[in-house]
file my_file04.cif (mmCIF, C-alpha atoms)
data_work
loop_
_atom_site.label_atom_id
_atom_site.label_comp_id
_atom_site.auth_asym_id
_atom_site.auth_seq_id
_atom_site.Cartn_x
_atom_site.Cartn_y
_atom_site.Cartn_z
CA MET Q 1299 123.12 -52.88 -33.84
CA ALA Q 1300 120.13 -54.12 -31.92
CA ARG Q 1301 117.40 -55.57 -34.06
CA GLY Q 1302 113.94 -54.04 -33.59
CA ARG Q 1303 111.19 -56.27 -32.37
CA LYS Q 1304 109.05 -57.61 -35.22
CA SER Q 1305 105.49 -56.31 -34.96
CA VAL Q 1306 102.70 -58.85 -34.75
CA THR Q 1307 100.44 -58.86 -37.80
CA ILE Q 1308 96.91 -60.06 -38.43
CA ARG Q 1309 98.43 -62.94 -40.41
CA ASP Q 1310 100.35 -64.06 -37.30
CA VAL Q 1311 97.11 -64.12 -35.34
CA ALA Q 1312 95.35 -66.12 -38.06
CA GLU Q 1313 98.15 -68.72 -38.16
CA ASP Q 1314 98.27 -69.00 -34.36
CA ALA Q 1315 94.50 -69.44 -34.09
CA GLY Q 1316 94.28 -71.68 -37.17
CA VAL Q 1317 91.62 -69.55 -38.83
CA SER Q 1318 91.37 -67.38 -41.94
CA LEU Q 1319 92.41 -63.74 -42.19
CA GLN Q 1320 88.76 -62.84 -42.77
CA THR Q 1321 87.73 -64.47 -39.49
CA VAL Q 1322 90.37 -62.51 -37.53
CA SER Q 1323 89.28 -59.30 -39.27
CA ARG Q 1324 85.63 -59.92 -38.36
CA VAL Q 1325 86.56 -60.55 -34.71
CA VAL Q 1326 88.78 -57.45 -34.51
CA ASN Q 1327 86.12 -55.26 -36.11
CA GLY Q 1328 83.21 -56.72 -34.17
CA GLY Q 1329 81.63 -58.19 -37.26
CA PRO Q 1330 78.82 -60.77 -37.31
CA ASN Q 1331 78.78 -64.42 -38.38
CA VAL Q 1332 81.59 -65.68 -36.15
CA ARG Q 1333 80.84 -68.59 -33.82
CA SER Q 1334 81.52 -67.85 -30.17
CA GLN Q 1335 84.07 -70.68 -29.96
CA LEU Q 1336 86.07 -69.26 -32.87
CA ARG Q 1337 85.76 -65.72 -31.51
CA ASP Q 1338 87.20 -66.83 -28.15
CA LYS Q 1339 90.01 -68.67 -29.93
CA VAL Q 1340 90.99 -65.60 -31.95
CA ARG Q 1341 90.85 -63.33 -28.91
CA ALA Q 1342 93.09 -65.75 -27.00
CA SER Q 1343 95.65 -65.58 -29.82
CA ILE Q 1344 95.43 -61.77 -29.87
CA ASP Q 1345 96.12 -61.64 -26.14
CA ARG Q 1346 98.91 -64.22 -26.30
CA LEU Q 1347 100.73 -62.53 -29.19
CA GLY Q 1348 100.07 -58.97 -28.06
CA TYR Q 1349 98.51 -58.00 -31.38
CA VAL Q 1350 97.36 -54.38 -31.65
CA PRO Q 1351 95.09 -53.67 -34.62
CA SER Q 1352 96.18 -50.87 -36.92
CA LEU Q 1353 93.70 -48.02 -36.75
CA ALA Q 1354 94.36 -47.20 -40.40
CA ALA Q 1355 93.67 -50.81 -41.41
CA GLN Q 1356 90.48 -50.86 -39.36
CA ARG Q 1357 89.26 -47.70 -41.05
CA MET Q 1358 90.00 -49.16 -44.49
CA SER Q 1359 88.11 -52.35 -43.69
CA GLY Q 1360 84.71 -50.70 -43.49
CA SER Q 1361 82.73 -47.52 -42.98
CA ARG Q 1362 83.78 -46.93 -39.37
CA SER Q 1363 86.64 -44.69 -38.23
CA TYR Q 1364 86.93 -46.20 -34.71
CA ILE Q 1365 87.19 -42.68 -33.30
CA ILE Q 1366 84.90 -41.06 -30.74
CA LEU Q 1367 85.29 -37.29 -30.60
CA ALA Q 1368 84.68 -35.36 -27.37
CA ILE Q 1369 83.98 -31.63 -27.58
CA ASN Q 1370 84.80 -29.26 -24.74
CA ASP Q 1371 84.52 -25.47 -24.37
CA ARG Q 1372 87.70 -23.88 -25.75
CA GLU Q 1373 87.70 -20.53 -23.94
CA ARG Q 1374 87.02 -21.86 -20.44
CA THR Q 1375 89.37 -24.85 -20.78
CA LEU Q 1376 92.30 -22.77 -22.07
CA ALA Q 1377 91.75 -20.15 -19.36
CA ASP Q 1378 91.99 -22.84 -16.68
CA TRP Q 1379 95.12 -24.34 -18.23
CA ARG Q 1380 96.84 -20.96 -18.61
CA GLU Q 1381 96.16 -20.11 -14.98
CA ARG Q 1382 97.49 -23.58 -14.06
CA ARG Q 1383 94.27 -24.46 -12.29
CA GLY Q 1384 94.00 -27.69 -14.23
CA THR Q 1385 90.68 -28.97 -15.50
CA ASP Q 1386 89.31 -31.87 -13.48
CA TRP Q 1387 86.32 -32.03 -15.82
CA VAL Q 1388 88.63 -32.80 -18.76
CA ASP Q 1389 90.64 -35.29 -16.70
CA GLN Q 1390 87.52 -37.19 -15.68
CA MET Q 1391 86.12 -36.99 -19.19
CA LEU Q 1392 89.29 -38.59 -20.53
CA LEU Q 1393 89.29 -41.23 -17.79
CA GLY Q 1394 85.78 -42.43 -18.58
CA GLY Q 1395 86.03 -41.99 -22.33
CA ILE Q 1396 89.46 -43.45 -23.01
CA LEU Q 1397 88.95 -46.57 -20.91
CA THR Q 1398 85.57 -47.31 -22.48
CA CYS Q 1399 86.80 -46.63 -26.01
CA SER Q 1400 89.81 -48.89 -25.45
CA LYS Q 1401 87.57 -51.71 -24.24
CA HIS Q 1402 85.75 -51.66 -27.58
CA GLY Q 1403 88.80 -51.12 -29.82
CA TYR Q 1404 88.14 -47.41 -30.31
CA ARG Q 1405 90.17 -44.25 -29.68
CA MET Q 1406 88.95 -41.04 -28.06
CA MET Q 1407 90.06 -37.65 -29.30
CA VAL Q 1408 89.28 -34.27 -27.75
CA GLU Q 1409 88.69 -31.00 -29.57
CA LEU Q 1410 88.24 -27.57 -27.99
CA ILE Q 1411 85.53 -25.59 -29.79
CA ASP Q 1412 84.55 -21.96 -29.22
CA THR Q 1413 81.06 -21.28 -27.97
CA HIS Q 1414 80.81 -18.16 -30.12
CA SER Q 1415 78.38 -18.70 -32.99
CA ASP Q 1416 80.71 -17.30 -35.66
CA HIS Q 1417 83.32 -19.97 -34.86
CA VAL Q 1418 81.28 -23.05 -34.02
CA GLU Q 1419 80.33 -24.31 -37.46
CA ARG Q 1420 83.76 -23.66 -38.97
CA GLU Q 1421 85.74 -25.26 -36.13
CA LEU Q 1422 83.46 -28.26 -35.66
CA GLY Q 1423 83.07 -28.80 -39.38
CA ALA Q 1424 86.85 -28.87 -39.82
CA ALA Q 1425 87.29 -31.38 -36.97
CA ILE Q 1426 84.58 -33.67 -38.32
CA SER Q 1427 85.98 -33.57 -41.85
CA ALA Q 1428 89.48 -34.39 -40.63
CA LEU Q 1429 88.61 -37.14 -38.15
CA GLN Q 1430 85.33 -38.54 -39.50
CA PRO Q 1431 84.32 -39.76 -36.02
CA ASP Q 1432 81.83 -42.56 -35.46
CA GLY Q 1433 80.28 -40.53 -32.66
CA VAL Q 1434 80.60 -37.23 -30.79
CA VAL Q 1435 80.26 -36.52 -27.06
CA LEU Q 1436 79.06 -32.98 -26.37
CA THR Q 1437 79.65 -31.38 -22.97
CA PRO Q 1438 77.95 -28.23 -21.62
CA PRO Q 1439 77.31 -25.66 -23.02
CA HIS Q 1440 77.87 -27.27 -26.46
CA SER Q 1441 75.36 -30.00 -25.67
CA GLU Q 1442 72.54 -27.46 -25.98
CA ASN Q 1443 73.99 -25.40 -28.82
CA GLN Q 1444 71.53 -25.79 -31.70
CA LEU Q 1445 74.15 -24.90 -34.29
CA ILE Q 1446 76.24 -27.86 -33.13
CA THR Q 1447 73.45 -30.40 -32.73
CA ALA Q 1448 71.90 -29.40 -36.07
CA LEU Q 1449 75.25 -29.78 -37.83
CA LEU Q 1450 75.81 -33.26 -36.39
CA ALA Q 1451 72.26 -34.35 -37.17
CA GLU Q 1452 72.54 -33.02 -40.73
CA ARG Q 1453 75.74 -35.03 -41.27
CA ASP Q 1454 74.14 -38.12 -39.74
CA ILE Q 1455 76.76 -38.41 -37.00
CA PRO Q 1456 75.54 -40.04 -33.75
CA PHE Q 1457 76.12 -37.84 -30.71
CA ALA Q 1458 75.52 -37.71 -26.97
CA ARG Q 1459 74.41 -34.58 -25.12
CA ILE Q 1460 75.70 -34.39 -21.54
CA GLY Q 1461 73.85 -31.91 -19.36
CA SER Q 1462 70.83 -31.68 -21.64
CA MET Q 1463 67.24 -32.85 -21.38
CA GLU Q 1464 65.95 -31.02 -24.44
CA PRO Q 1465 63.97 -33.13 -26.92
CA GLY Q 1466 65.66 -33.81 -30.23
CA PRO Q 1467 68.34 -35.96 -31.82
CA GLY Q 1468 71.19 -37.46 -29.85
CA VAL Q 1469 71.40 -39.36 -26.57
CA ALA Q 1470 70.65 -37.10 -23.58
CA LEU Q 1471 72.46 -37.67 -20.27
CA THR Q 1472 72.52 -35.78 -16.98
CA MET Q 1473 74.26 -36.10 -13.63
CA GLY Q 1474 71.11 -35.56 -11.59
CA ASP Q 1475 71.76 -31.90 -10.79
CA ASP Q 1476 68.27 -31.28 -9.41
CA GLY Q 1477 68.54 -34.28 -7.11
CA ALA Q 1478 72.08 -33.39 -6.07
CA ALA Q 1479 71.10 -29.86 -5.02
CA HIS Q 1480 68.07 -31.26 -3.20
CA LEU Q 1481 70.32 -33.75 -1.40
CA ALA Q 1482 72.80 -31.07 -0.28
CA THR Q 1483 70.04 -28.72 0.88
CA SER Q 1484 68.18 -31.48 2.74
CA ARG Q 1485 71.36 -32.46 4.56
CA LEU Q 1486 71.91 -28.88 5.71
CA ILE Q 1487 68.30 -28.72 6.91
CA GLU Q 1488 68.89 -31.94 8.89
CA LEU Q 1489 71.81 -30.14 10.54
CA GLY Q 1490 69.44 -27.41 11.71
CA HIS Q 1491 70.12 -24.72 9.09
CA ARG Q 1492 67.17 -22.52 8.20
CA ARG Q 1493 68.82 -19.78 6.11
CA ILE Q 1494 70.53 -21.62 3.26
CA ALA Q 1495 71.77 -19.63 0.28
CA MET Q 1496 72.83 -20.77 -3.18
CA ILE Q 1497 75.44 -19.39 -5.57
CA ALA Q 1498 74.19 -20.68 -8.92
CA GLY Q 1499 76.06 -21.05 -12.19
CA PRO Q 1500 75.46 -19.02 -15.37
CA ALA Q 1501 72.03 -19.16 -16.97
CA GLN Q 1502 73.31 -20.51 -20.32
CA TYR Q 1503 73.90 -23.85 -18.59
CA SER Q 1504 70.61 -25.68 -18.03
CA LEU Q 1505 72.16 -27.50 -15.09
CA SER Q 1506 72.31 -24.15 -13.26
CA GLY Q 1507 68.53 -23.96 -13.37
CA TRP Q 1508 68.14 -27.60 -12.35
CA ARG Q 1509 70.27 -27.01 -9.25
CA ILE Q 1510 68.22 -23.97 -8.32
CA GLU Q 1511 65.05 -26.05 -8.66
CA GLY Q 1512 66.42 -28.80 -6.39
CA TRP Q 1513 67.48 -26.25 -3.78
CA LYS Q 1514 64.10 -24.50 -3.83
CA ARG Q 1515 62.25 -27.81 -3.68
CA ALA Q 1516 64.08 -28.92 -0.54
CA LEU Q 1517 63.48 -25.57 1.15
CA GLY Q 1518 59.80 -25.63 0.19
CA GLU Q 1519 59.33 -29.13 1.60
CA HIS Q 1520 60.33 -27.74 5.00
CA GLY Q 1521 58.49 -24.43 4.75
CA LEU Q 1522 61.72 -22.45 4.46
CA PRO Q 1523 62.09 -19.28 2.38
CA TRP Q 1524 64.48 -18.75 -0.54
CA GLU Q 1525 63.82 -15.10 -1.39
CA GLY Q 1526 66.99 -13.03 -1.12
CA LEU Q 1527 69.13 -16.15 -0.79
CA LEU Q 1528 70.10 -16.64 -4.45
CA GLU Q 1529 73.03 -15.17 -6.36
CA ALA Q 1530 74.51 -16.24 -9.70
CA GLY Q 1531 78.14 -16.56 -10.72
CA ASP Q 1532 80.04 -17.84 -13.73
CA PHE Q 1533 81.70 -20.81 -11.95
CA GLY Q 1534 84.84 -18.69 -11.45
CA TYR Q 1535 86.51 -17.49 -8.24
CA GLU Q 1536 85.89 -13.77 -8.70
CA SER Q 1537 82.18 -14.26 -9.31
CA GLY Q 1538 82.01 -16.39 -6.17
CA THR Q 1539 83.60 -13.57 -4.19
CA ARG Q 1540 81.03 -11.05 -5.41
CA ALA Q 1541 78.11 -13.41 -4.82
CA THR Q 1542 79.19 -14.33 -1.28
CA ARG Q 1543 79.65 -10.71 -0.28
CA ALA Q 1544 76.20 -9.83 -1.62
CA LEU Q 1545 74.57 -12.75 0.23
CA LEU Q 1546 76.23 -11.97 3.57
CA ASP Q 1547 75.51 -8.24 3.27
CA ARG Q 1548 71.85 -8.98 2.59
CA ASN Q 1549 71.45 -11.82 5.10
CA PRO Q 1550 73.24 -11.32 8.42
CA ASP Q 1551 71.47 -14.43 9.74
CA LEU Q 1552 72.82 -16.67 6.93
CA THR Q 1553 74.30 -19.96 8.22
CA ALA Q 1554 74.93 -22.02 5.06
CA ILE Q 1555 75.87 -21.58 1.39
CA ILE Q 1556 75.77 -24.09 -1.48
CA ALA Q 1557 78.13 -23.03 -4.27
CA SER Q 1558 77.70 -24.39 -7.79
CA SER Q 1559 81.44 -24.91 -8.36
CA ASP Q 1560 84.56 -25.55 -6.30
CA GLN Q 1561 86.08 -22.23 -7.38
CA MET Q 1562 83.06 -20.31 -6.10
CA ALA Q 1563 83.09 -22.35 -2.88
CA LEU Q 1564 86.76 -21.48 -2.34
CA ALA Q 1565 85.86 -17.82 -2.79
CA ALA Q 1566 83.06 -18.14 -0.23
CA LEU Q 1567 85.51 -19.68 2.23
CA GLU Q 1568 87.92 -16.75 1.79
CA VAL Q 1569 85.19 -14.11 2.11
CA ALA Q 1570 83.97 -15.73 5.34
CA ARG Q 1571 87.49 -15.63 6.79
CA ASP Q 1572 87.93 -12.00 5.79
CA ARG Q 1573 84.80 -11.19 7.78
CA GLY Q 1574 85.98 -13.05 10.86
CA MET Q 1575 83.57 -15.95 10.39
CA SER Q 1576 84.55 -19.50 11.23
CA VAL Q 1577 83.72 -22.35 8.85
CA PRO Q 1578 81.77 -24.41 9.85
CA ARG Q 1579 81.03 -22.92 13.29
CA ASP Q 1580 79.41 -19.75 11.87
CA LEU Q 1581 78.89 -20.75 8.24
CA SER Q 1582 78.59 -24.17 6.59
CA LEU Q 1583 79.73 -24.56 2.97
CA VAL Q 1584 78.84 -27.16 0.34
CA SER Q 1585 80.43 -27.22 -3.10
CA PHE Q 1586 79.73 -28.85 -6.46
CA ASP Q 1587 82.43 -30.69 -8.46
CA ASN Q 1588 84.59 -32.30 -5.73
CA THR Q 1589 87.86 -31.58 -7.55
CA PRO Q 1590 91.04 -32.68 -5.70
CA ILE Q 1591 91.72 -29.23 -4.20
CA VAL Q 1592 88.66 -29.29 -1.90
CA ARG Q 1593 90.19 -32.12 0.11
CA PHE Q 1594 93.14 -29.92 1.09
CA THR Q 1595 91.44 -26.66 2.06
CA GLN Q 1596 91.07 -25.69 5.71
CA PRO Q 1597 88.61 -27.03 6.48
CA PRO Q 1598 88.17 -29.64 3.71
CA LEU Q 1599 84.97 -28.89 1.78
CA THR Q 1600 81.83 -30.98 1.79
CA ALA Q 1601 81.00 -31.43 -1.90
CA ILE Q 1602 78.64 -32.94 -4.43
CA ASP Q 1603 80.74 -35.49 -6.31
CA GLN Q 1604 79.78 -35.34 -9.99
CA PRO Q 1605 80.15 -38.69 -11.78
CA ILE Q 1606 81.81 -37.21 -14.86
CA ALA Q 1607 83.87 -40.28 -15.79
CA GLU Q 1608 80.91 -42.64 -15.44
CA THR Q 1609 78.63 -40.33 -17.42
CA VAL Q 1610 81.09 -39.98 -20.30
CA SER Q 1611 81.63 -43.75 -20.20
CA ARG Q 1612 77.87 -44.30 -20.54
CA ALA Q 1613 77.76 -41.81 -23.43
CA VAL Q 1614 80.59 -43.55 -25.27
CA GLU Q 1615 78.99 -46.96 -24.80
CA GLN Q 1616 75.72 -45.68 -26.21
CA LEU Q 1617 77.50 -44.34 -29.30
CA ILE Q 1618 79.59 -47.46 -29.90
CA LEU Q 1619 76.98 -50.10 -29.16
CA HIS Q 1620 73.90 -48.37 -30.55
CA GLY Q 1621 75.27 -45.90 -33.08
CA ARG Q 1622 72.42 -44.21 -34.86
CA GLU Q 1623 69.82 -46.00 -32.79
CA GLU Q 1624 68.61 -43.33 -30.42
CA GLY Q 1625 68.60 -44.05 -26.71
CA GLY Q 1626 64.83 -43.67 -26.64
CA ASP Q 1627 62.84 -40.68 -25.47
CA GLY Q 1628 64.17 -40.94 -21.92
CA VAL Q 1629 67.16 -39.19 -20.42
CA ILE Q 1630 69.98 -41.29 -18.97
CA GLU Q 1631 70.72 -40.06 -15.45
CA VAL Q 1632 73.91 -40.93 -13.59
CA ALA Q 1633 73.25 -39.78 -10.03
CA ALA Q 1634 75.72 -37.67 -8.08
CA SER Q 1635 76.60 -38.22 -4.40
CA LEU Q 1636 77.34 -36.04 -1.39
CA ILE Q 1637 80.80 -36.33 0.19
CA GLU Q 1638 80.68 -34.88 3.70
CA ARG Q 1639 83.81 -33.26 5.11
CA SER Q 1640 84.59 -30.65 7.76
CA SER Q 1641 83.02 -27.57 6.15
CA THR Q 1642 79.51 -28.51 7.31
CA ALA Q 1643 78.26 -28.77 10.87
CA PRO Q 1644 75.08 -28.23 12.90
CA ALA Q 1645 73.71 -24.71 12.68
CA PRO Q 1646 74.66 -22.31 15.48
CA PRO Q 1647 72.19 -22.66 18.39
CA SER Q 1648 70.94 -19.10 17.90
CA ALA Q 1649 70.01 -19.82 14.28
CA SER Q 1650 68.54 -23.32 14.36
CA GLY Q 1651 65.15 -22.18 15.58
CA THR Q 1652 64.61 -19.33 13.14
CA ALA Q 1653 62.40 -19.61 10.06
#
call {"tool": "encode", "arguments": {"input": "my_file04.cif", "output": "structure tokens"}}
result
Amino acid sequence: MARGRKSVTIRDVAEDAGVSLQTVSRVVNGGPNVRSQLRDKVRASIDRLGYVPSLAAQRMSGSRSYIILAINDRERTLADWRERRGTDWVDQMLLGGILTCSKHGYRMMVELIDTHSDHVERELGAAISALQPDGVVLTPPHSENQLITALLAERDIPFARIGSMEPGPGVALTMGDDGAAHLATSRLIELGHRRIAMIAGPAQYSLSGWRIEGWKRALGEHGLPWEGLLEAGDFGYESGTRATRALLDRNPDLTAIIASSDQMALAALEVARDRGMSVPRDLSLVSFDNTPIVRFTQPPLTAIDQPIAETVSRAVEQLILHGREEGGDGVIEVAASLIERSSTAPAPPSASGTA
């Protein structure tokens, strides 16, 4: 019978580095009062021996759990998974969160919590009691749910609020939604478009309003109107279909649409085809999200690339390195970028001169 490989213990590391068990423990747990030379020596032994600290032992050694908990919307996430659409938001959240947690000796766990008020406190309270996280990352719309933020503040648990600029406890972070919408709109104006519509997201997400503000600001800077050019959806495909039909029915001279999600942009693309319009010859499209699917549509969609992984990484670092020390009164912004593909082009000659 093959003999199992003996696991490396903290004692093995101490003997290899020629230091005490307490010194190794302080290095592993990020404790103070360890000279840099000794710290480097212990870390070299850890790397050489392949030592992996026991999470249970770490938790017993002090008040920390070494767990960062990320909260995502249960209903929307499960709906996407059941329809096999995947959830790029969750993938990117895990990418940024897991890598950053690992770098600091932490683990990230994800919980899906209902947005409905009669479930929030019970579900979140149960997760917190079971995991006792050192910090919580809240994603929209939970990041602006006062039941959730009040519960975390009451229990003295540090948390980060992604997609929120509201004053209050927790570290606030955004992905520059106002600036991203302004960037997309300005680029379309540079291409000669004068009738640029927006399909916004639902009102319960503050970022929906920020994107509308950025879009309006860019139009206003060039003396262009926005009345009659705004419709709202719920980020889903069907709502994008309804919004696009309403915009095209109301604006026969429309030459560009900015959709606040990839699903709504895909719907706009299909509606345009059904009406015999060519994208981008007759109608330019810009999407938010930049999930993998938009690279494979015909034509591939120009999109605002949201830095989800980087934003979650910044949130995790704030929680691990600063804990209960607030990130100040300012909001941390991780700016988005515009990825241009074949769904945008100069406005049709007949439309470029209209106001």
call {"tool": "closest_atom_pairs", "arguments": {"input": "my_file04.cif", "of": "region 1355-1472 of chain Q", "to": "region 1589-1613 of chain Q", "cutoff": "7 Å", "atoms": "all atoms listed in the file", "output": "tab-separated table"}}
result
residue	atom	partner	partner_atom	distance
Q:Asp1386	CA	Q:Thr1589	CA	6.1
Q:Trp1387	CA	Q:Ile1606	CA	6.9
Q:Gln1390	CA	Q:Ala1607	CA	4.8
Q:Met1391	CA	Q:Ala1607	CA	5.2
Q:Leu1393	CA	Q:Ala1607	CA	5.9
Q:Gly1394	CA	Q:Ala1607	CA	4.0
Q:Gly1395	CA	Q:Ser1611	CA	5.2
Q:Thr1398	CA	Q:Ser1611	CA	5.8
Q:Val1435	CA	Q:Ala1613	CA	6.9
Q:Ala1458	CA	Q:Ala1613	CA	5.9
call {"tool": "residues_around", "arguments": {"input": "my_file04.cif", "residues": "region 1536-1545 of chain Q", "least_positions_apart": "2", "cutoff": "8 Å", "atoms": "all atoms listed in the file", "output": "ChimeraX atom specification"}}
result
/Q:1495,1497,1526-1534,1547-1549,1552,1557,1561-1566,1569
call {"tool": "closest_residue", "arguments": {"input": "my_file04.cif", "among": "Q:Gly1433, Q:Gly1403, Q:Gly1348, Q:Gly1466", "to": "His1620 (chain Q)", "atoms": "only C-alpha atoms"}}
result
Q:Gly1433
call {"tool": "residues_around", "arguments": {"input": "my_file04.cif", "residues": "Lys1401 (chain Q)", "least_positions_apart": "6", "cutoff": "12 Å", "atoms": "only C-alpha atoms", "output": "PyMOL selection string"}}
result
chain Q and resi 1326+1328+1364+1394-1395+1611+1614-1615+1618-1619
call {"tool": "residues_around", "arguments": {"input": "my_file04.cif", "residues": "region 1319-1325 of chain Q", "least_positions_apart": "6", "cutoff": "10 Å", "atoms": "all atoms listed in the file", "output": "list in words"}}
result
Ile1308, Arg1309, Asp1310, Val1311, Ala1312, Glu1313, Asn1331, Val1332, Arg1333, Ser1334, Leu1336, Arg1337, Asp1338, Lys1339, Val1340, Arg1341, Ser1343, Ile1344, Pro1351, Ala1355, Gln1356 and Ser1359 of chain Q
call {"tool": "write_last_selection", "arguments": {"input": "my_file04.cif", "atoms": "C-alpha atoms", "output": "PDB file, in the coordinates of the input"}}
result
ATOM      1  CA  ILE Q1308      96.910 -60.060 -38.430  1.00  0.00           C
ATOM      2  CA  ARG Q1309      98.430 -62.940 -40.410  1.00  0.00           C
ATOM      3  CA  ASP Q1310     100.350 -64.060 -37.300  1.00  0.00           C
ATOM      4  CA  VAL Q1311      97.110 -64.120 -35.340  1.00  0.00           C
ATOM      5  CA  ALA Q1312      95.350 -66.120 -38.060  1.00  0.00           C
ATOM      6  CA  GLU Q1313      98.150 -68.720 -38.160  1.00  0.00           C
ATOM      7  CA  ASN Q1331      78.780 -64.420 -38.380  1.00  0.00           C
ATOM      8  CA  VAL Q1332      81.590 -65.680 -36.150  1.00  0.00           C
ATOM      9  CA  ARG Q1333      80.840 -68.590 -33.820  1.00  0.00           C
ATOM     10  CA  SER Q1334      81.520 -67.850 -30.170  1.00  0.00           C
ATOM     11  CA  LEU Q1336      86.070 -69.260 -32.870  1.00  0.00           C
ATOM     12  CA  ARG Q1337      85.760 -65.720 -31.510  1.00  0.00           C
ATOM     13  CA  ASP Q1338      87.200 -66.830 -28.150  1.00  0.00           C
ATOM     14  CA  LYS Q1339      90.010 -68.670 -29.930  1.00  0.00           C
ATOM     15  CA  VAL Q1340      90.990 -65.600 -31.950  1.00  0.00           C
ATOM     16  CA  ARG Q1341      90.850 -63.330 -28.910  1.00  0.00           C
ATOM     17  CA  SER Q1343      95.650 -65.580 -29.820  1.00  0.00           C
ATOM     18  CA  ILE Q1344      95.430 -61.770 -29.870  1.00  0.00           C
ATOM     19  CA  PRO Q1351      95.090 -53.670 -34.620  1.00  0.00           C
ATOM     20  CA  ALA Q1355      93.670 -50.810 -41.410  1.00  0.00           C
ATOM     21  CA  GLN Q1356      90.480 -50.860 -39.360  1.00  0.00           C
ATOM     22  CA  SER Q1359      88.110 -52.350 -43.690  1.00  0.00           C
TER      23      SER Q1359
END
call {"tool": "closest_residue", "arguments": {"input": "my_file04.cif", "among": "Q:Glu1631, Q:Asp1572, Q:Glu1421, Q:Glu1638", "to": "Met1463 (chain Q)", "atoms": "only C-alpha atoms"}}
result
Q:Glu1631
call {"tool": "resolve_selection", "arguments": {"input": "my_file04.cif", "expression": "the PyMOL selection byres ((chain Q and resi 1522) around 12)", "output": "list in words"}}
result
Thr1483, Ser1484, Ile1487, Gly1490, His1491, Arg1492, Arg1493, Ile1494, Ala1495, Trp1513, Lys1514, Arg1515, Ala1516, Leu1517, Gly1518, Glu1519, His1520, Gly1521, Pro1523, Trp1524, Glu1525, Leu1527, Gly1651, Thr1652 and Ala1653 of chain Q
call {"tool": "atom_distance", "arguments": {"input": "my_file04.cif", "atom1": "CA of Leu1583 (chain Q)", "atom2": "CA of Pro1439 (chain Q)"}}
result
26.1 Å
call {"tool": "residues_around", "arguments": {"input": "my_file04.cif", "residues": "Asn1370 (chain Q)", "least_positions_apart": "3", "cutoff": "7 Å", "atoms": "only C-alpha atoms", "output": "list in words"}}
result
Glu1409, Leu1410, Ile1411 and Thr1437 of chain Q
call {"tool": "axis_aligned_box", "arguments": {"input": "my_file04.cif", "around": "region 1467-1484 of chain Q", "padding_each_side": "6 Å", "output": "JSON"}}
result
{"center_x": 71.2, "center_y": -34.0, "center_z": -14.5, "size_x": 18.2, "size_y": 22.6, "size_z": 46.6}
call {"tool": "closest_residue", "arguments": {"input": "my_file04.cif", "among": "Q:Ala1448, Q:Ala1368, Q:Ile1510, Q:Val1350", "to": "Pro1431 (chain Q)", "atoms": "all atoms listed in the file"}}
result
Q:Ala1368
call {"tool": "closest_residue", "arguments": {"input": "my_file04.cif", "among": "Q:Met1407, Q:Leu1567, Q:Val1469, Q:Met1575", "to": "Pro1550 (chain Q)", "atoms": "all atoms listed in the file"}}
result
Q:Met1575
call {"tool": "residues_around", "arguments": {"input": "my_file04.cif", "residues": "Ser1559 (chain Q)", "least_positions_apart": "5", "cutoff": "6 Å", "atoms": "all atoms listed in the file", "output": "PyMOL selection string"}}
result
chain Q and resi 1533+1585-1587
call {"tool": "resolve_selection", "arguments": {"input": "my_file04.cif", "expression": "the PyMOL selection byres ((chain Q and resi 1471-1476) around 6)", "output": "list in words"}}
result
Ile1460, Gly1461, Ala1470, Gly1477, Ala1478, Ala1479, Trp1508, Arg1509, Gly1512, Val1629, Ile1630, Glu1631, Val1632, Ala1633 and Ala1634 of chain Q
call {"tool": "resolve_selection", "arguments": {"input": "my_file04.cif", "expression": "the PyMOL selection byres ((chain Q and resi 1373) around 10)", "output": "JSON, numbers by chain"}}
result
{"Q": [1370, 1371, 1372, 1374, 1375, 1376, 1377, 1378, 1410, 1411, 1412, 1413, 1414]}
call {"tool": "atom_distance", "arguments": {"input": "my_file04.cif", "atom1": "CA of Met1496 (chain Q)", "atom2": "CA of Leu1546 (chain Q)"}}
result
11.6 Å
call {"tool": "closest_residue", "arguments": {"input": "my_file04.cif", "among": "Q:Asp1432, Q:Glu1464, Q:Glu1511, Q:Asp1580", "to": "Gly1628 (chain Q)", "atoms": "all atoms listed in the file"}}
result
Q:Glu1464
call {"tool": "atom_distance", "arguments": {"input": "my_file04.cif", "atom1": "CA of Leu1392 (chain Q)", "atom2": "CA of Ala1425 (chain Q)"}}
result
18.1 Å
call {"tool": "closest_residue", "arguments": {"input": "my_file04.cif", "among": "Q:Asp1560, Q:Val1317, Q:Cys1399, Q:Arg1362", "to": "Gln1335 (chain Q)", "atoms": "all atoms listed in the file"}}
result
Q:Val1317
call {"tool": "build_atoms", "arguments": {"input": "my_file04.cif", "residues": "region 1461-1465 of chain Q", "atoms": "N, CA and C atoms", "output": "PDB file, in the coordinates of the input"}}
result
ATOM      1  N   GLY Q1461      74.380 -33.136 -19.958  1.00  0.00           N
ATOM      2  CA  GLY Q1461      73.850 -31.910 -19.360  1.00  0.00           C
ATOM      3  C   GLY Q1461      72.719 -31.314 -20.168  1.00  0.00           C
ATOM      4  N   SER Q1462      71.939 -32.161 -20.832  1.00  0.00           N
ATOM      5  CA  SER Q1462      70.830 -31.680 -21.640  1.00  0.00           C
ATOM      6  C   SER Q1462      69.652 -32.628 -21.516  1.00  0.00           C
ATOM      7  N   MET Q1463      68.465 -32.058 -21.376  1.00  0.00           N
ATOM      8  CA  MET Q1463      67.240 -32.850 -21.380  1.00  0.00           C
ATOM      9  C   MET Q1463      66.295 -32.396 -22.475  1.00  0.00           C
ATOM     10  N   GLU Q1464      66.787 -31.531 -23.374  1.00  0.00           N
ATOM     11  CA  GLU Q1464      65.950 -31.020 -24.440  1.00  0.00           C
ATOM     12  C   GLU Q1464      65.555 -32.152 -25.402  1.00  0.00           C
ATOM     13  N   PRO Q1465      64.341 -32.141 -25.914  1.00  0.00           N
ATOM     14  CA  PRO Q1465      63.970 -33.130 -26.920  1.00  0.00           C
ATOM     15  C   PRO Q1465      64.750 -32.898 -28.204  1.00  0.00           C
TER      16      PRO Q1465
END
